[in-house]
Structures are given as structure tokens and as C-alpha cells.
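*Asks:* Could you have a look at this structure, given as C-alpha cells, before my questions?
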Amino acid sequence: MISTESKADLLCYHCGDDCGSKPIEFNEKKFCCHGCLSVFQLLNSNQMGEYYCLNDRPGQKIENLPKEKFAFLEEESIIQKLLLFRSKEQAQVSFYLPQMHCSSCLWLLEHLSEINSNVIDSQVNFNSKTLKVTFRINDMSLRQLAELLAHIGYEPVIDINDEKAEADRYNSKRAYLKLGVTGFCFANLMMIAFPEYLGLDPENQPKLALAFKLVSVFLSIPVVFYGASEFFVNAFYSFRQRYLNIDAPIALAIAVTWLRSLYEVFSQTGPGFFDSMSGIVFFMLLGRTIQNRSRTTLKFNRDFKSYFPIAVTGIRNGERKLIKLEDIEEHDSLLIHHQEVIPTDCLLSKGTAKIDYSFVTGEDKVEPVDKSKVIYAGGRNVGETIEVVSVKSFNQNSFTQLWNSNAFRKTEDDRESRVTLISKYFSIVVLLLSLGAFVFWKFQGNSDLAWKSATAVLIIACPCALLLTASFTNGYLMERFAAAGVYLKNSFVIEKMAAVDLIAFDKTGTLTEPNASNLELEFSYLTDDELSKTLFLASQSLHPLSRALVEYYFEIPQKRFKTKILEIPGKGLKAVIDGIDYRIGSAEFTAADPEESSGKTVVYISVDDEVRAKYNFKVSLIPGTEKLLSELSENYELSLISGDNKVSRQQLGQFFGSQEKMHFEMNPEDKLNYVNQKQSEKHKVMMIGDGLNDAGALKQSDVGVSVVKSAFAFSPSCDVIMDVSKLKFLPRFMRWAKGAEKMINIGFGYSLIFNVIGLAFALSGKLSPLVAAIIMPLSSLGIILIAWMGVMMMTKSEGMTAGRIKTD
Amino acid sequence: MNTQYTAMGIMIFLLCVSLSVALVFLVVFIWNVKSGQYEDDYSPAHRILFEAKVEEKKDEQ
């Protein structure tokens with residue numbers, strides 16, 4: 001058994017990954033790769049060992065950076081857009097570095113000048129994960145700065161299409177300001193109200209009482225017109241959309257309370273309800289702020305453009321230059337380097353291409369492309385640098401079409417939220433009660449009491465409690481989700497999650513490891529000569545199993561043979577070479593024993609009717625997937641919609657119940673249609689996927705979950721972003737969402753008790769400000785406590801650490 | 001009668017003073033929020049714990 005001490009020894013000193021069997025040793029420390037070692041050496045040589053003192057293993061593993069990755073930063077127009085400030089000698093830029101996660105990162109990034117003296121100053125904003133760098137523009141280019149950062153593990157994520165981010169950040173300032181002003185007024189109003197409750201007699205000291213009342217009126221104005229303004233605005237907005245959300249009755253309650261209080265003060269019949277009103281407004285604002293506050297810089301509404309590079313190298317008029325994505329025209333010659341994304345549909349003109357379409361189509365293989373074959377936008381070049389000629393401009397390629405679908409034009413409002421529904425009924429009941437009270441007392445001949453009780457009903461029976469419990473419960477739960485590594489777009493998603501009854505999975509990258517070697521050799525008696533002949537056979541076929549076989553033996557040099565190959569779909573390949581019959585395929589086709597391999601996907605090779613080799617095709621599931629699927633199948637209907645071929649059908653069938661629930665070879669539009677169809681069957685669909693081929697389905701589904709390996713890479717428009725390693729906890733997350741619903745009901749029930757008591761006072765016309773001032777804060781505080789404790793108890797679980805989403 | 005009047009005057013005076021002091025804090029709060037102090041609540045706490053090594057290094061060399 002390995003003791004914990006020696007296990008820690010095997011972790012990389014820099015990034016904490018497992019060093020495996022061959023750790024690289026230096027200075028008595030172990031590293032998992034040369035990348036980590038190089039960063040360590042760089043820091044060491046600049047006496048920056050402090051980085052490692054502040055936290056254990058704080059580094060990031062860096063991928064091999066393609067040399068041209070930041071080439072586009074030499075383009076003047078892009079530089080203009082990115083620089084915040086520029087003088088003759090200095091410039092300032094702000095980079096988004098989502099990899100920063102601890103104080104070591106903070107330390108290192110703010111000591112950047114010690115690595116490169118051309119950096120004058122650097123300041124981190126940890127909440128937004130940005131770094132502002134001031135540097136000498138004449139001695140270090142923007143590109144070199146970006147490369148420096150990438151070198152130490154903080155590769156900037158640059159998106160010049162990002163105008164929405166600014167708007168979001170501004171709102172939190174506004175929210176704090178509102179909260180501050182409202183809180184100030186609320187506290188002082190309560191303070192001023194005390195004398196009245198504790199015995200200040202307005203008849204004996206009229207001037208004093210009047211002074212207090214006037215100050216109350218004065219303090220209430222900012223509360224109503226500034227603090228509560230969003231309730232009025234939201235109510236009006238929903239009214240225009242022809243439905244009433246929860247802000248409507250709240251706005252009504254605030255208005256009635258304020259007006260009646262003003263009337264009381266100026267007619268000298270009472271002190272008014274300013275303190276209760278401002279208290280309610282303050283608590284509701286607090287709830288909203290907690291609910292809307294987002295600790296994450298993840299972007300949920302990524303446009304597909306973020307997937308593509310900002311500019312590509314092109315050849316125009318014989319010279320190389322950088323062409324921005326939008327400027328690519330038909331017939332442009334482009335150079336696509338290793339690991340770069342193809343920006344538009346094009347024809348291969350130079351080089352041999354190997355294109356990885358997995359993110360786009362979900363197909364688990366790399367496709368070699370011949371000259372003059374079309375390469376589609378969105379694929380990634382994983383071979384050598386190639387030269388291509390574009391056949392379409394960027395905006396017209398096959399890719400953009402998907403994003404023009406209606407799914408992406410949906411706008412969301414809270415029309416269907418449970419809270420909105422409940423508040424509708426609530427409002428009706430309250431209005432009826434108010435009317436009833438008015439009529440009753442009028443009949444009794446007491447006109448004064450009629451007005452008093454009618455307005456009192458509207459004051460005390462505010463659905464504020466409903467809003468409070470919803471916002472606090474959701475707010476806390478969102479934070480717990482984030483701590484567990486699950487990021488939700490907004491709190492409405494929690495409700496939608498609780499309503500889901502069908503979960504659709506993508507296959508590659510979600511359930512199975514992408515690009516894993518899938519064939520497992522069971523036995524082989526082939527001679528080298530026979531093997532190279534069968535490999536030649538396999539290489540001529542496009543069948544995924546043939547391709548897998550070729551990939552398995554990629555080290556063996558390929559030889560060509562002159563022969564005619566016959567491919568029989570569903571059975572296999574055969575050919576006669578030098579008089580000997582070679583066959584690759586299923587058991588029956590190759591004269592193997594069919595019993596042996598029933599239920600499994602197997603490839604046999606036979607030479608002259610003699611079975612010589614057997615390979616098992618394995619679906620490499622991401623660990624935890626089996627348990628996940630079996631747990632989920634108890635409460636949800638599961639289905640698989642994959643862009644990949646049906647080779648894995650056998651293995652996966654056992655998890656999905658029946659094979660009808662699995663759909664393969666689905667292109668992006670098929671997936672979208674599937675979700676649509678299920679929704680028309682009244683299902684609430686949750687779609688889980690990771691690629692662009694899932695984009696339409698993710699957006700159309702009720703809850704779209706994007707599973708990522710690296711959160712800074714592109715993830716298509718979705719409601720939830722989670723690390724793929726956290727997917728196995730999905731049943732627990734679904735339970736949390738359902739629990740939130742229960743919690744909100746409990747909180748609401750609790751406040752209903754107070755509402756009923758308050759209504760008793762109100763209907764009898766005896767609602768004094770003192771009573772209101774006791775009931776309303778009590779119910780509000782109680783709700784907040786219930787929400788907090790409830791969520792804490794529900795989400796307390798062992799072993800769920802907020803792993804940082806890694807960059808590999 | 002005289003004492004009542006004085007007591008009331010003092011009360012109003014106290015009220016004004018208390019409100020003014022609170023108002024000062026409110027203004028400071030607004031100033032804080034506007035100048036972006038609450039945009040980053042992680043870094044300032046950790047920054048103060050960093051050692052200022054620059055002087056030391058220069059001395060060592």
C-alpha cells in the first residue's frame with residue numbers, strides 16, 4: 001500500500017498532476033512534464049520561488065503552444081481594439097486569464113515585471129479574472145506579452161466580440177448602491193419609529209412628533225423611487241408583455257403602503273408605515289442581489305464566433321498577411337497551422353490534411369482529407385500546416401447556418417416560473433379580500449374603517465415573502481452549486497432542472513473519452529507480412545472499425561498492394577493478394593465462431609479461412625458513467641443522441657434500456673429536431689453535451705448542460721456549465737434542485753402563517769404600524785433563516801471539492 | 001413649560017446630528033462602490049500578506 005506521503009511525492013511539484021512512471025527530476029523535485037519544469041526553472045532563475053511557498057502545486061500544465069497562436073495580435077486594428085491606453089512609450093492592456101485560482105496566481109501575475117523588465121506594472125482583478133498590464137510598447141509587442149503569459153501557464157483568452165461583459169459588471173455596482181441607500185433609509189426609519197411605539201404622545205409633543213414624521217417622509221422617498229424602482233419597472237415590463245410577474249403585486253403593495261402613509265401623516269391620523277415598507281424593500285433587494293450576484297466569469301451565451309480564431313494567415317497578392325475572420329472571401333488562399341480551427345468551407349490545395357471534426361459533428365475520429373476535397377468550417381487541423389482555398393466567405397459557410405435556426409432566437413422571461421404562477425393566484429385572492437373588506441365595512445356604515453382595512457390588507461398580504469424565499473433559497477443554492485463546480489446561468493435554471501423528466505446524452509466527450517484508442521487486441525497469430533496486407537485492406541475502407549484498426553497499428557509503415565478489394569456492408573472486407581484470401585470483419589464473414597462474440601463488437605482477421613486475429617472494440621467510458629446512468633434511470637427517461645457511428649451500440653445499449661433510446665449519426669439539426677419532438681410530447685428535456693454539434697439541442701432543451709474539460713475553451717450556448725468530472729454527481733444535483741422547490745414551499749408556508757395573523761388585524765381595521773413593524777420583519781428574517789439553514793443542510797455532502805476546471 | 005421646550009429642541013438637534021453622521025457614512029459607501037473597491041474582494045486581502053522582498057534582493061546583490 002502506498003502511504004500518503006509517498007503518493008504526494010509522485011505529484012508534479014508545479015501543477016499537481018500525477019507524474020506517472022517517468023517523473024522528471026530536478027533539484028530533488030519531481031515534475032510531470034517539461035512544460036512544468038520549464039516554468040519552474042524560469043521562476044527559479046528570477047528568484048520567484050515564493051510562488052510555490054504560498055500554495056502547494058499552484059501551477060497549470062501548459063499545452064504545447066502553437067507558434068502562430070497569437071500571431072493575430074500583430075494586426076494593428078486588433079491591437080487598437082484591445083489596448084486600453086497608449087502613449088509614445090507605454091501601453092496598457094487587460095487580459096482575461098481564467099486560469100487564476102489562488103493567491104499564488106495573484107502573486108505571480110503581479111510580479112510579472114520580475115520575469116520580464118519590459119512589464120512596468122500589472123494588477124489583478126481576481127473576481128473578474130483579469131490582469132491589467134502596463135508595458136513598454138516599443139520593447140515588447142502585445143504578441144510577446146501574450147506569449148509570456150502563456151509561457152507561465154496563464155494563456156490569455158481573447159475575445160474581441162465581447163461587448164456584453166461590460167454591461168453585466170456594471171449591474172453589481174448599481175445593486176450595491178441601491179442596497180446601501182435603501183439600508184441607510186431603512187435603519188434610520190426604524191430608529192425614528194421607535195419613539196412613536198414606545199410612548200411618544202403626539203398630543204403632548206406635537207412639534208416633536210411632527211418632526212419625526214417629516215423626516216420619515218423624507219427618508220422614504222429614496223426607498224420608493226430609487227430602491228423600489230426595479231419592482232415598478234419590472235411590473236410594467238411584464239404588463240406590457242401581457243402577463244403579471246411577481247413584481248406586480250409587490251409594486252402595488254409598496255405604492256399603497258406609501259400613499260396611505262403619506263395620507264396618515266398629512267392628515268395627522270397616524271405615523272404611517274414607512275418603516276415596515278422600507279424594511280420589506282431592503283430585504284427584497286438583498287434577496288435579489290444575492291440571487292443575481294455571480295461569482296463566475298464563465299460565459300453562458302457564447303456565440304459560435306468565439307470558437308473560431310480572430311484572424312488567420314492568408315496569402316493575398318503573393319504576400320502573407322493576417323486576415324480577420326469577417327474579411328475572408330471566396331477564393332482566398334489561407335494557411336492553416338497545426339491545431340488551428342478551419343474558419344470556412346474550403347478546398348485543400350497543399351499538404352496532407354488530417355481534420356478533427358469531433359467538436360463539430362461529434363464523430364470520434366480524425367479524418368484524413370485528400371487534395372481537392374472539401375474541408376468544412378469548424379474542424380480542427382491536427383496534421384501539418386496546410387494551404388487551402390476558401391469556397392465560401394465566413395458568413396455563408398455550413399456552420400453559420402446552424403446558428404440561424406430559431407432555437408437561437410428564443411428570448412427568455414420568467415413567465416413560466418412557478419413563482420410567477422403562484423403570485424398570480426395570490427394577487428387575485430388578496431385583491432378580493434381587500435375589496436371584500438372595503439365593501440363589508442362600508443355596509444356597516446364605517447367609511448373610515450373601510451378604507452383603513454382595504455389598504456391594510458394590501459399592505460400586509462404582500463407576496464414579498466414568496467419573492468424573498470425564492471431569491472434567498474435560489475441565491476444560496478447557486479453558491480453551493482458553484483462551490484461544487486456546477487455553474488448555472490441564473491436561478492430560474494434551478495426550477496427548470498427540478499421539472500426535467502427526460503435526459504438526453506451526447507456520447508463523445510460526455511459519456512466516453514474522446515479520441516481514445518478503442519481497439520483491444522485479444523489475440524493475433526499474424527505474421528508481419530500478413531499484417532501489412534490486412535492493414536492495407538483496412539486502410540481502403542471508411543468503416544469506423546477499419547479506421548480503428550489502422551489507427552491501432554499506426555506505427556507500422558503502410559505498404560501498397562495491387563489487388564481488388566470487396567467491401568460488403570455489415571459484414572466486412574475481403575481481397576485476394578498473391579493468391580491468398582484475406583478477410584476482415586464479423587464472425588460469420590471470417591469463419592469464426594459467432595457464439596463467442598454475440599453482444600459484443602468484435603473484429604476478426606482471417607487468412608485463407610483461418611482465424612488469425614481477434615480484436616475487441618471497447619467503448620472507453622469516462623469513469624463513473626455506469627453508476628451515473630443506472631442511478632438516473634430510476635427517476636428519468638434516458639436517451640442517447642450522438643453524432644458518432646453505431647459501433648458502440650452494443651456496449652451502450654445496456655445502460656439505456658432499449659436500443660430505440662439510442663440514436664447515432666445525428667447531425668446538429670437532427671439533434672435539435674429530436675429535442676423539439678420530445679418537447680412536443682410534453683417532456684421536459686435536459687440535454688447534456690459538449691460540442692458544437694450539440695449547440696442547437698442545448699439551446700432548445702429546457703435545460704442545456706455543457707460538460708467541459710476546460711472552461712475557458714468555447715462552450716456553446718447553454719444553461720449550465722460543469723466539469724466533465726463532476727457529471728457523475730448529476731443525480732445529487734438534480735435532487736438539490738428538487739429540494740429547492742420544497743424549501744421554497746416551506747418558507748412560503750411559514751410566511752403564510754404571519755400573513756394570516758396580519759390579515760386578521762387588517763380585516764378588522766386594527767392594523768397599527770406597530771403590528772406591521774413586528775410582523776413583517778419577523779416573517780422576512782424567518783424566511784431568510786429557513787432558506788439558509790435549509791440549503792446548508794441539504795447540500796452538506798462529503799467529498800465534493802470545488803475542483804478548478806483544468807486547462808487540459 | 002420651559003423644560004419641555006428645551007427637551008424637544010435637544011431631541012430634534014440629536015436627530016439631525018445622528019442623521020448627519022449616518023449620512024456621512026452613506027456618502028463614503030457610495031464613493032467606495034463607485035470607485036470600484038468592491039469589484040475585487042479577494043486580492044486586497046491576500047496582497048497584504050505578500051512580503052516586500054524587493055528591498056532584500058537589492059541588498060543581497
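By convention in this document, the chains of the C-alpha cells carry letters A, B, ... by their order, each chain's residues are numbered from 1, and ligands are numbered from 1 in the order they are shown.
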May I have the residues of chain B within 7 Å of chain A, counting only C-alpha atoms, written as a short mmCIF file (atom, residue, chain, number, x, y, z; two decimals) with C-alpha atoms, in the first residue's frame?

*Replies:*
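As a result, part36.cif now contains:
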```cif
data_model
loop_
_atom_site.label_atom_id
_atom_site.label_comp_id
_atom_site.auth_asym_id
_atom_site.auth_seq_id
_atom_site.Cartn_x
_atom_site.Cartn_y
_atom_site.Cartn_z
CA MET B 8 -37.75 68.84 22.49
CA LEU B 26 -23.54 56.62 3.37
CA ILE B 30 -21.32 55.39 -2.29
CA VAL B 33 -18.77 51.48 -4.59
CA GLU B 39 -15.15 44.79 -7.55
CA ASP B 40 -12.43 42.56 -6.25
CA TYR B 42 -10.20 38.55 -2.99
CA SER B 43 -6.99 40.30 -3.94
CA HIS B 46 -4.06 38.41 0.01
#
```

*Asks:* List the spatial neighbours of Thr361 of chain A as a PDB file with N, CA and C atoms, in the first residue's frame - criterion: any atom at most 8 Å away, only C-alpha atoms, same-chain residues fewer than 4 positions off excluded.

*Replies:*
```pdb
ATOM      1  N   TYR A 357     -13.054  16.547 -36.644  1.00  0.00           N
ATOM      2  CA  TYR A 357     -14.364  17.178 -36.638  1.00  0.00           C
ATOM      3  C   TYR A 357     -15.141  16.886 -35.360  1.00  0.00           C
ATOM      4  N   GLY A 643     -23.435  12.019 -32.508  1.00  0.00           N
ATOM      5  CA  GLY A 643     -23.044  12.234 -33.892  1.00  0.00           C
ATOM      6  C   GLY A 643     -22.157  11.115 -34.387  1.00  0.00           C
ATOM      7  N   ASP A 644     -21.777  10.251 -33.488  1.00  0.00           N
ATOM      8  CA  ASP A 644     -20.834   9.197 -33.847  1.00  0.00           C
ATOM      9  C   ASP A 644     -21.570   8.026 -34.484  1.00  0.00           C
ATOM     10  N   ASN A 667     -26.741  14.533 -37.038  1.00  0.00           N
ATOM     11  CA  ASN A 667     -26.049  15.804 -37.251  1.00  0.00           C
ATOM     12  C   ASN A 667     -26.716  16.859 -36.373  1.00  0.00           C
ATOM     13  N   PRO A 668     -26.122  18.045 -36.280  1.00  0.00           N
ATOM     14  CA  PRO A 668     -26.652  19.044 -35.345  1.00  0.00           C
ATOM     15  C   PRO A 668     -28.143  19.299 -35.502  1.00  0.00           C
ATOM     16  N   GLY A 691     -20.208  19.622 -27.502  1.00  0.00           N
ATOM     17  CA  GLY A 691     -19.674  20.114 -28.762  1.00  0.00           C
ATOM     18  C   GLY A 691     -20.624  21.030 -29.498  1.00  0.00           C
ATOM     19  N   LEU A 692     -20.086  21.550 -30.555  1.00  0.00           N
ATOM     20  CA  LEU A 692     -20.877  22.425 -31.384  1.00  0.00           C
ATOM     21  C   LEU A 692     -22.042  21.678 -32.010  1.00  0.00           C
ATOM     22  N   ASN A 693     -21.847  20.374 -32.206  1.00  0.00           N
ATOM     23  CA  ASN A 693     -22.940  19.608 -32.793  1.00  0.00           C
ATOM     24  C   ASN A 693     -24.126  19.530 -31.843  1.00  0.00           C
TER      25      ASN A 693
END
```

*Asks:* Quick one: of A:Ala575, A:Ala592, A:Ile775, A:Val791, who's nearest to Tyr604 of chain A, counting only C-alpha atoms?

*Replies:*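 Using only C-alpha atoms, the shortest distance to Tyr604 of chain A belongs to A:Ala592.
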
*Asks:* Enter the distance from atom CA of Ala760 of chain A to atom CA of Met277 of chain A, in Å, rounded to one decimal.

*Replies:*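 Separation of atom CA of Ala760 of chain A and atom CA of Met277 of chain A: 19.1 Å.
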
*Asks:* With only C-alpha atoms as the atoms that count, which of A:Asn395, A:Asn171, A:Ser606, A:Ser229 lies nearest to Ile580 of chain A?

*Replies:*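 Nearest candidate to Ile580 of chain A out of A:Asn395, A:Asn171, A:Ser606, A:Ser229: A:Ser606.
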
*Asks:* Which is closer to Ala504 of chain A than all the others in A:Leu189, A:Cys53, A:Ile78, A:His683, using only C-alpha atoms?

*Replies:*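 Once distances to Ala504 of chain A are computed over only C-alpha atoms, the minimum belongs to A:His683.
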
*Asks:* List every residue of segment 47-285 of chain A that DSSP, applied to the backbone, labels as alpha helix (DSSP H), and write the result as a PyMOL selection string.

*Replies:* chain A and resi 50-54+76-82+103-110+142-151+164-197+206-222+229-240+247-266+274-285

*Asks:* Take the residues that were just selected and, keeping C-alpha atoms, output them as a CSV table (one decimal), in the first residue's frame.

*Replies:*
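To be explicit, this is the file written out as part.csv:
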```csv
chain,number,residue,atom,x,y,z
A,50,GLU,CA,7.6,32.5,-3.4
A,51,TYR,CA,5.1,31.2,-5.9
A,52,TYR,CA,5.4,27.8,-4.5
A,53,CYS,CA,5.5,28.9,-0.9
A,54,LEU,CA,2.1,30.5,-0.9
A,76,GLU,CA,-2.9,46.9,-36.0
A,77,SER,CA,-6.7,47.1,-35.9
A,78,ILE,CA,-6.8,44.3,-33.3
A,79,ILE,CA,-4.2,46.0,-31.2
A,80,GLN,CA,-6.2,49.2,-31.3
A,81,LYS,CA,-9.3,47.4,-30.1
A,82,LEU,CA,-7.5,45.7,-27.2
A,103,SER,CA,-3.1,33.6,-4.2
A,104,SER,CA,0.0,32.2,-5.9
A,105,CYS,CA,-1.5,33.2,-9.2
A,106,LEU,CA,-2.2,36.6,-7.8
A,107,TRP,CA,1.4,36.9,-6.6
A,108,LEU,CA,3.0,35.7,-9.8
A,109,LEU,CA,0.9,37.8,-12.0
A,110,GLU,CA,1.5,41.0,-10.0
A,142,LEU,CA,1.4,42.8,-27.5
A,143,ARG,CA,2.0,39.4,-29.0
A,144,GLN,CA,5.1,38.8,-26.9
A,145,LEU,CA,3.3,39.8,-23.8
A,146,ALA,CA,0.5,37.3,-24.5
A,147,GLU,CA,3.2,34.6,-25.2
A,148,LEU,CA,4.9,35.4,-22.0
A,149,LEU,CA,1.8,34.9,-20.1
A,150,ALA,CA,1.0,31.7,-21.9
A,151,HIS,CA,4.5,30.5,-21.1
A,164,LYS,CA,-21.9,42.1,-23.2
A,165,ALA,CA,-19.4,41.6,-20.4
A,166,GLU,CA,-19.2,45.3,-19.7
A,167,ALA,CA,-23.0,45.6,-19.2
A,168,ASP,CA,-23.0,42.7,-16.7
A,169,ARG,CA,-20.3,44.0,-14.5
A,170,TYR,CA,-21.9,47.4,-14.2
A,171,ASN,CA,-25.1,46.0,-12.6
A,172,SER,CA,-23.4,44.8,-9.5
A,173,LYS,CA,-22.3,48.3,-8.7
A,174,ARG,CA,-25.8,49.5,-9.2
A,175,ALA,CA,-27.2,46.8,-6.9
A,176,TYR,CA,-24.8,47.7,-4.1
A,177,LEU,CA,-25.6,51.4,-4.4
A,178,LYS,CA,-29.3,50.6,-4.2
A,179,LEU,CA,-28.8,48.3,-1.2
A,180,GLY,CA,-26.7,50.9,0.6
A,181,VAL,CA,-29.1,53.7,0.2
A,182,THR,CA,-32.1,51.6,1.0
A,183,GLY,CA,-30.4,50.1,4.0
A,184,PHE,CA,-29.5,53.6,5.3
A,185,CYS,CA,-33.1,54.8,5.0
A,186,PHE,CA,-34.5,51.6,6.5
A,187,ALA,CA,-32.3,51.7,9.5
A,188,ASN,CA,-32.9,55.3,10.2
A,189,LEU,CA,-36.6,55.0,9.6
A,190,MET,CA,-36.8,52.2,12.2
A,191,MET,CA,-34.9,54.2,14.6
A,192,ILE,CA,-37.2,57.2,14.2
A,193,ALA,CA,-40.2,55.0,14.5
A,194,PHE,CA,-39.3,53.7,18.0
A,195,PRO,CA,-40.3,56.8,19.9
A,196,GLU,CA,-43.8,56.6,18.5
A,197,TYR,CA,-44.1,52.9,19.6
A,206,PRO,CA,-46.9,67.8,18.6
A,207,LYS,CA,-43.9,69.5,17.3
A,208,LEU,CA,-41.6,66.6,18.0
A,209,ALA,CA,-43.9,64.1,16.6
A,210,LEU,CA,-44.3,66.2,13.5
A,211,ALA,CA,-40.6,66.5,13.1
A,212,PHE,CA,-40.2,62.7,13.3
A,213,LYS,CA,-42.9,62.2,10.8
A,214,LEU,CA,-41.5,64.7,8.3
A,215,VAL,CA,-38.1,63.1,8.5
A,216,SER,CA,-39.8,59.7,7.9
A,217,VAL,CA,-41.5,61.0,4.8
A,218,PHE,CA,-38.2,62.5,3.6
A,219,LEU,CA,-36.3,59.2,4.1
A,220,SER,CA,-39.0,57.2,2.4
A,221,ILE,CA,-38.6,59.0,-0.8
A,222,PRO,CA,-35.3,57.4,-1.9
A,229,SER,CA,-37.8,51.4,-8.7
A,230,GLU,CA,-36.9,48.0,-10.2
A,231,PHE,CA,-40.2,46.5,-8.9
A,232,PHE,CA,-42.2,49.1,-10.7
A,233,VAL,CA,-40.1,48.8,-13.8
A,234,ASN,CA,-40.3,45.0,-13.9
A,235,ALA,CA,-44.0,45.1,-13.2
A,236,PHE,CA,-44.6,47.5,-16.0
A,237,TYR,CA,-42.4,45.4,-18.4
A,238,SER,CA,-44.3,42.3,-17.6
A,239,PHE,CA,-47.6,44.1,-18.0
A,240,ARG,CA,-46.5,45.2,-21.5
A,247,ASP,CA,-43.1,42.3,-9.2
A,248,ALA,CA,-46.7,43.4,-10.0
A,249,PRO,CA,-48.4,42.8,-6.7
A,250,ILE,CA,-45.2,43.9,-4.8
A,251,ALA,CA,-45.2,47.2,-6.7
A,252,LEU,CA,-48.9,47.6,-5.8
A,253,ALA,CA,-48.3,46.9,-2.2
A,254,ILE,CA,-45.4,49.4,-2.0
A,255,ALA,CA,-47.4,52.0,-3.7
A,256,VAL,CA,-50.5,51.5,-1.5
A,257,THR,CA,-48.4,51.5,1.7
A,258,TRP,CA,-46.6,54.7,0.8
A,259,LEU,CA,-49.7,56.5,-0.3
A,260,ARG,CA,-51.6,55.6,2.8
A,261,SER,CA,-48.7,56.5,5.0
A,262,LEU,CA,-48.5,59.9,3.3
A,263,TYR,CA,-52.2,60.4,3.9
A,264,GLU,CA,-51.9,59.5,7.5
A,265,VAL,CA,-49.0,61.9,8.1
A,266,PHE,CA,-50.6,64.8,6.4
A,274,PHE,CA,-42.7,53.9,6.4
A,275,ASP,CA,-40.5,51.7,8.5
A,276,SER,CA,-42.2,48.4,7.5
A,277,MET,CA,-42.3,49.3,3.9
A,278,SER,CA,-38.6,50.2,3.8
A,279,GLY,CA,-37.8,47.1,5.6
A,280,ILE,CA,-39.5,45.0,3.1
A,281,VAL,CA,-37.9,46.8,0.2
A,282,PHE,CA,-34.5,46.3,1.8
A,283,PHE,CA,-34.9,42.6,2.4
A,284,MET,CA,-36.2,42.0,-1.1
A,285,LEU,CA,-33.4,43.9,-2.7
```

*Asks:* Could you give me, as a ChimeraX atom specification, the residues within 12 Å of segment 24-37 of chain A, counting only C-alpha atoms and dropping anything in the same chain fewer than 6 positions from it?

*Replies:* /A:6,8-18,43-44,57-65,150-153

*Asks:* Can those selected residues be exported to a file as a compact mmCIF listing (two decimals), in the first residue's frame so that it contains C-alpha atoms?

*Replies:*
```
# COMPACT_ATOMS: atom_id res chain seq x y z
CA SER A 6 4.94 8.79 -0.99
CA ALA A 8 2.22 13.02 -2.70
CA ASP A 9 5.75 12.54 -3.89
CA LEU A 10 4.51 11.33 -7.23
CA LEU A 11 2.64 14.53 -7.90
CA CYS A 12 4.21 17.20 -10.02
CA TYR A 13 5.75 19.93 -7.88
CA HIS A 14 4.37 22.53 -10.23
CA CYS A 15 0.89 21.51 -11.28
CA GLY A 16 -0.06 18.63 -9.06
CA ASP A 17 -0.78 16.13 -11.82
CA ASP A 18 0.37 12.59 -11.49
CA LEU A 43 10.68 31.29 -11.86
CA ASN A 44 13.68 29.91 -10.05
CA ARG A 57 1.36 22.90 -6.52
CA PRO A 58 -0.27 26.06 -7.81
CA GLY A 59 0.74 25.79 -11.41
CA GLN A 60 -1.07 24.93 -14.58
CA LYS A 61 0.07 22.35 -17.03
CA ILE A 62 0.68 24.07 -20.33
CA GLU A 63 -0.12 22.57 -23.66
CA ASN A 64 2.33 22.98 -26.43
CA LEU A 65 1.59 26.42 -27.68
CA ALA A 150 1.02 31.68 -21.91
CA HIS A 151 4.53 30.52 -21.10
CA ILE A 152 3.97 30.63 -17.38
CA GLY A 153 0.65 28.88 -17.64
```

*Asks:* Output as a ChimeraX atom specification all residues of segment 316-357 of chain A that backbone DSSP marks as strand (DSSP E).

*Replies:* /A:316,319-324,333-336,346-350,353-356

*Asks:* Which residue is closest to Glu495 of chain A? Choose from A:Ser642, A:Gln396, A:Ser294, A:Ser417 and count only C-alpha atoms.

*Replies:* A:Ser417

*Asks:* Choose the residue, out of A:Lys614, A:Ile688, A:Phe505, A:Phe729, that has the smallest atom-to-atom separation from Ser639 of chain A; count only C-alpha atoms.

*Replies:*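 Residue with the minimum atom-to-atom distance to Ser639 of chain A: A:Phe505.
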
*Asks:* My list of candidates is A:Met497, A:Ile120, A:Val705, A:Ile753. Which is closest to Arg732 of chain A when distances are computed with only C-alpha atoms?

*Replies:*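 Nearest candidate to Arg732 of chain A out of A:Met497, A:Ile120, A:Val705, A:Ile753: A:Met497.
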